[in-house]
Amino acid sequence: MERIAQQLAQLRARWNGLSQNQRVAVIGVALTALFAVTLLLVMQPPQRYAPVYTNLSGEDAAAIVEQLRQQGVPYRLSADGTTVSVPVDRVADVRLALASLGLPKGGSLGFELFDRSSFGVTDFAQRVNYQRAIEGELQRTISRLDAVSSARVHIVIPEESLFAENQQPTSAAVVLQLKPGRKLTEDQVRGIVHLVSNAVPGLQPENLTVVDDAGNPIWSGNEAGSATAGMDEHLKAQRAYETTLATQLQTIVARVVGNGNAAVQVHATFNWNQRSVDSEIFSPNGTQPQVRSQQERVQTVEGTSTGAIGVPGVDSNVQTFPEGTGGQNQQRSELRESTTNYEVSRQVERVVQAPGQLERLSVAVVLNGSAVDPTVAQQVRDLVAAAAGIVPERGDSVTVSVVPFNEAPTRETPAGASVVDRLLDFARVGVVVLIPLVALLIAWRVLASQRAALPPVPAPQYRVSTEPTGGSASASLGAASTAEIPAPPPASPPPQFKELQELARRDPAMVAQLVRSWLSEE
């Protein structure tokens, strides 16, 4: 206590030894530091919280809150009880700690249903618990997908029948709640279907239905019946073709009108129907067919005749009797038959047209009218038509427009920073800087007012004494005479100062004696 009292006494002594100006300065600096520290504490942003888990079930939310209480972690629970938030800097640690405890469980129970066995459970109850366990495990697994927020799985396992033809197939339904703005790809849908069908005994993919939370079908029993079967691939191919062609045309046009002075848009129409054509062509070259085989048969008949023969007429009606023939005619006939088989030429052609045939192409080009001469529009049109492969007979079109561009700059707020947050940051920095300046200004005004309140200091008076240096001088001057000369102001010297100068010039010894007297008086 004595030591503290001594230190207080020393501080009091030092304080008393300070002048009034020094005391005001010390008080001003102390107040400034106190204001700055208080302001920093008051304007310090509150603790920021971030969700550690969202869309929790009541069971998971209660289990997570209980664990956070035991670990002493501050938390906030949303009004609906489905979101738990913790400080931003502790989100990762809390998630790891909860994951090591198996939380959250996804709002459903898996095979932990069989962790505690109880006596007296019927076979029906065991089957139901087994089905619930499979559903819960599948829900947890499907919910792990990046685009899926939550999932529900419903399985229907019919009772076994004595006759195979009466056995009902196992069926299932999956309801998915997707995250905002997310969409499942075709491969992800197939993955979910194969996962569920292979996890449930006797479940075939055609007996499985997958829908979203809005009731839109995602999988309706087979790949051909899926809502997005083939459409995504076709759309991707079309967009890729349009983007590639637009980029190429943009590069070509920019070489003519300059960068930033043209915009190109391409739209392509494709035929995605697949067609197969079978045709048979005979004698494709128009040449004479080749002989495959040829047959010829000749039949000759010889004999005699007594009647008229030959072509009806005079010669045939008048009988002639050659010598030695006894009036009989000699007859001979011949029958010739020929068969020719030709090799018929044949060409069989099978044409399969693959889907994705370009049917129509439209190109739109917009030129900046404020920087491009309108006379180059036709040249740009011809250039684009040649580069894009425009076929007018197919219905392709190219449109070039020259209009002024809107070059107003767009201001974007940086991601993650709002206008209010930035204004608060500026205000915080400004207040921290202004408070010390205001305190110093107040201290300076106080000192200035105190100086103005002090009484004026009187000017010092200088006394000059003159004594005679000799006996004759005393008779004429008499006794020693004195004169008080006020100190001259710094601005304009008084008239007495000139008299002192003149006296020092006439009698330096007397002036020296005067100075010695001043020093002795001090």
# chains A, B, ... in the order shown; residues from 1 in each chain; ligands from 1
>>> residues_around(residues="Val189 of chain A", least_positions_apart="6", cutoff="9 Å", atoms="only C-alpha atoms", output="list of chain:residue names")
A:Val210, A:Ile218, A:Trp219
>>> write_last_selection(atoms="N, CA and C atoms", output="CSV table (one decimal), in the first residue's frame")
chain,number,residue,atom,x,y,z
A,210,VAL,N,-39.3,-42.4,-60.8
A,210,VAL,CA,-38.6,-41.3,-60.2
A,210,VAL,C,-39.2,-40.0,-60.6
A,218,ILE,N,-39.2,-37.9,-63.9
A,218,ILE,CA,-37.8,-38.0,-64.3
A,218,ILE,C,-37.4,-39.3,-64.9
A,219,TRP,N,-38.0,-40.4,-64.4
A,219,TRP,CA,-37.8,-41.7,-64.9
A,219,TRP,C,-39.2,-42.4,-64.8
>>> residues_around(residues="Asp80 of chain A", least_positions_apart="6", cutoff="10 Å", atoms="only C-alpha atoms", output="number ranges by chain")
A: 55-56, 58
>>> write_last_selection(atoms="all heavy atoms", output="short mmCIF file (atom, residue, chain, number, x, y, z; two decimals), in the first residue's frame")
data_model
loop_
_atom_site.label_atom_id
_atom_site.label_comp_id
_atom_site.auth_asym_id
_atom_site.auth_seq_id
_atom_site.Cartn_x
_atom_site.Cartn_y
_atom_site.Cartn_z
N ASN A 55 -32.58 -27.74 -44.05
CA ASN A 55 -33.62 -28.73 -44.36
C ASN A 55 -33.50 -29.97 -43.47
O ASN A 55 -33.55 -31.11 -43.94
CB ASN A 55 -33.55 -29.13 -45.84
CG ASN A 55 -33.83 -27.97 -46.77
OD1 ASN A 55 -34.62 -27.08 -46.45
ND2 ASN A 55 -33.16 -27.97 -47.91
N LEU A 56 -33.31 -29.72 -42.20
CA LEU A 56 -33.17 -30.82 -41.25
C LEU A 56 -34.54 -31.29 -40.78
O LEU A 56 -35.49 -30.49 -40.69
CB LEU A 56 -32.33 -30.38 -40.04
CG LEU A 56 -30.86 -30.05 -40.31
CD1 LEU A 56 -30.23 -29.45 -39.07
CD2 LEU A 56 -30.09 -31.30 -40.74
N GLY A 58 -36.94 -32.87 -37.69
CA GLY A 58 -37.01 -32.54 -36.27
C GLY A 58 -36.04 -33.35 -35.43
O GLY A 58 -35.40 -32.84 -34.50
#
>>> residues_around(residues="Gln379 of chain A", least_positions_apart="4", cutoff="10 Å", atoms="only C-alpha atoms", output="list in words")
Val256, Thr375, Leu383, Val384, Ala385 and Val400 of chain A
>>> atom_distance(atom1="atom CA of Leu138 of chain A", atom2="atom CA of Asp213 of chain A")
17.1 Å
>>> closest_residue(among="A:Ser85, A:Gln20, A:Asn368, A:Ser333", to="Val298 of chain A", atoms="only C-alpha atoms")
A:Ser333
>>> closest_residue(among="A:Ala262, A:Ala214, A:Val26, A:Ala388", to="Gln248 of chain A", atoms="only C-alpha atoms")
A:Ala388
>>> residues_around(residues="Val128 of chain A", least_positions_apart="6", cutoff="12 Å", atoms="only C-alpha atoms", output="PyMOL selection string")
chain A and resi 113-114+121-122+134-135+155-159
>>> select_by_dssp(residues="segment 144-216 of chain A", states="strand (DSSP E or B)", output="number ranges by chain")
A: 148-156, 170-178, 203-212
>>> atom_distance(atom1="atom CA of Leu68 of chain A", atom2="atom CA of Ala99 of chain A")
12.8 Å
>>> select_by_dssp(residues="segment 109-286 of chain A", states="helix (DSSP H, G or I)", output="count of residues only")
69
>>> residues_around(residues="Thr339 of chain A", least_positions_apart="6", cutoff="12 Å", atoms="only C-alpha atoms", output="MDAnalysis selection string")
chainID A and resid 291:298
>>> write_last_selection(atoms="N, CA and C atoms", output="mmCIF file, in the first residue's frame")
data_model
loop_
_atom_site.group_PDB
_atom_site.id
_atom_site.type_symbol
_atom_site.label_atom_id
_atom_site.label_comp_id
_atom_site.auth_asym_id
_atom_site.auth_seq_id
_atom_site.Cartn_x
_atom_site.Cartn_y
_atom_site.Cartn_z
ATOM 1 N N VAL A 291 -26.392 -63.412 -121.073
ATOM 2 C CA VAL A 291 -27.125 -64.665 -121.260
ATOM 3 C C VAL A 291 -26.656 -65.668 -120.225
ATOM 4 N N ARG A 292 -27.580 -66.160 -119.451
ATOM 5 C CA ARG A 292 -27.248 -67.154 -118.451
ATOM 6 C C ARG A 292 -27.262 -68.573 -119.019
ATOM 7 N N SER A 293 -28.286 -68.922 -119.830
ATOM 8 C CA SER A 293 -28.379 -70.242 -120.480
ATOM 9 C C SER A 293 -29.231 -70.127 -121.749
ATOM 10 N N GLN A 294 -29.015 -71.075 -122.690
ATOM 11 C CA GLN A 294 -29.747 -71.041 -123.965
ATOM 12 C C GLN A 294 -30.017 -72.479 -124.427
ATOM 13 N N GLN A 295 -31.260 -72.770 -124.838
ATOM 14 C CA GLN A 295 -31.677 -74.088 -125.314
ATOM 15 C C GLN A 295 -32.344 -73.946 -126.701
ATOM 16 N N GLU A 296 -32.024 -74.923 -127.602
ATOM 17 C CA GLU A 296 -32.605 -74.904 -128.955
ATOM 18 C C GLU A 296 -33.010 -76.340 -129.341
ATOM 19 N N ARG A 297 -34.243 -76.502 -129.817
ATOM 20 C CA ARG A 297 -34.758 -77.821 -130.218
ATOM 21 C C ARG A 297 -35.266 -77.740 -131.663
ATOM 22 N N VAL A 298 -34.774 -78.722 -132.525
ATOM 23 C CA VAL A 298 -35.154 -78.760 -133.942
ATOM 24 C C VAL A 298 -35.865 -80.093 -134.212
#
>>> residues_around(residues="Val257 of chain A", least_positions_apart="5", cutoff="12 Å", atoms="only C-alpha atoms", output="list in words")
Gln250, Thr251, Ile252, Ala262, Ala263, Val365, Val366, Leu367, Asn368, Gly369, Ser370, Ala371, Val372, Asp373, Pro374, Thr375, Val376, Ala377, Gln379, Val380 and Val402 of chain A
>>> write_last_selection(atoms="N, CA and C atoms", output="compact mmCIF listing (two decimals), in the first residue's frame")
# COMPACT_ATOMS: atom_id res chain seq x y z
N GLN A 250 -18.07 -14.20 -85.67
CA GLN A 250 -17.71 -13.00 -84.90
C GLN A 250 -16.26 -12.61 -85.16
N THR A 251 -15.38 -13.59 -85.23
CA THR A 251 -13.97 -13.30 -85.49
C THR A 251 -13.77 -12.70 -86.88
N ILE A 252 -14.49 -13.25 -87.86
CA ILE A 252 -14.34 -12.74 -89.23
C ILE A 252 -14.87 -11.32 -89.34
N ALA A 262 -19.57 -5.39 -83.46
CA ALA A 262 -20.46 -6.34 -84.13
C ALA A 262 -20.89 -7.39 -83.13
N ALA A 263 -22.12 -7.89 -83.34
CA ALA A 263 -22.67 -8.99 -82.55
C ALA A 263 -23.32 -9.97 -83.51
N VAL A 365 -26.70 -10.50 -87.79
CA VAL A 365 -25.50 -9.70 -87.50
C VAL A 365 -25.95 -8.27 -87.23
N VAL A 366 -25.48 -7.72 -86.12
CA VAL A 366 -25.78 -6.33 -85.75
C VAL A 366 -24.47 -5.57 -85.72
N LEU A 367 -24.40 -4.46 -86.49
CA LEU A 367 -23.21 -3.62 -86.56
C LEU A 367 -23.46 -2.32 -85.82
N ASN A 368 -22.42 -1.80 -85.19
CA ASN A 368 -22.51 -0.55 -84.42
C ASN A 368 -22.58 0.61 -85.40
N GLY A 369 -23.75 1.25 -85.47
CA GLY A 369 -23.93 2.34 -86.41
C GLY A 369 -23.11 3.56 -86.11
N SER A 370 -22.70 3.76 -84.85
CA SER A 370 -21.89 4.92 -84.49
C SER A 370 -20.42 4.76 -84.85
N ALA A 371 -20.00 3.57 -85.22
CA ALA A 371 -18.59 3.34 -85.54
C ALA A 371 -18.38 2.65 -86.87
N VAL A 372 -19.44 2.18 -87.51
CA VAL A 372 -19.32 1.42 -88.76
C VAL A 372 -20.08 2.16 -89.85
N ASP A 373 -19.47 2.23 -91.03
CA ASP A 373 -20.12 2.84 -92.19
C ASP A 373 -21.22 1.91 -92.69
N PRO A 374 -22.44 2.40 -92.85
CA PRO A 374 -23.53 1.52 -93.33
C PRO A 374 -23.28 0.92 -94.69
N THR A 375 -22.36 1.49 -95.46
CA THR A 375 -22.13 0.96 -96.80
C THR A 375 -21.45 -0.41 -96.78
N VAL A 376 -20.86 -0.80 -95.64
CA VAL A 376 -20.17 -2.09 -95.57
C VAL A 376 -21.13 -3.21 -95.17
N ALA A 377 -22.41 -2.89 -94.97
CA ALA A 377 -23.36 -3.91 -94.53
C ALA A 377 -23.50 -5.02 -95.56
N GLN A 379 -21.30 -5.92 -97.85
CA GLN A 379 -20.08 -6.71 -97.88
C GLN A 379 -20.02 -7.69 -96.71
N VAL A 380 -20.44 -7.22 -95.54
CA VAL A 380 -20.46 -8.11 -94.37
C VAL A 380 -21.47 -9.24 -94.59
N VAL A 402 -27.61 -2.29 -89.09
CA VAL A 402 -26.66 -1.27 -88.62
C VAL A 402 -27.43 -0.34 -87.70
>>> closest_residue(among="A:Pro46, A:Gly17, A:Gly110, A:Pro205", to="Ser171 of chain A", atoms="only C-alpha atoms")
A:Pro205
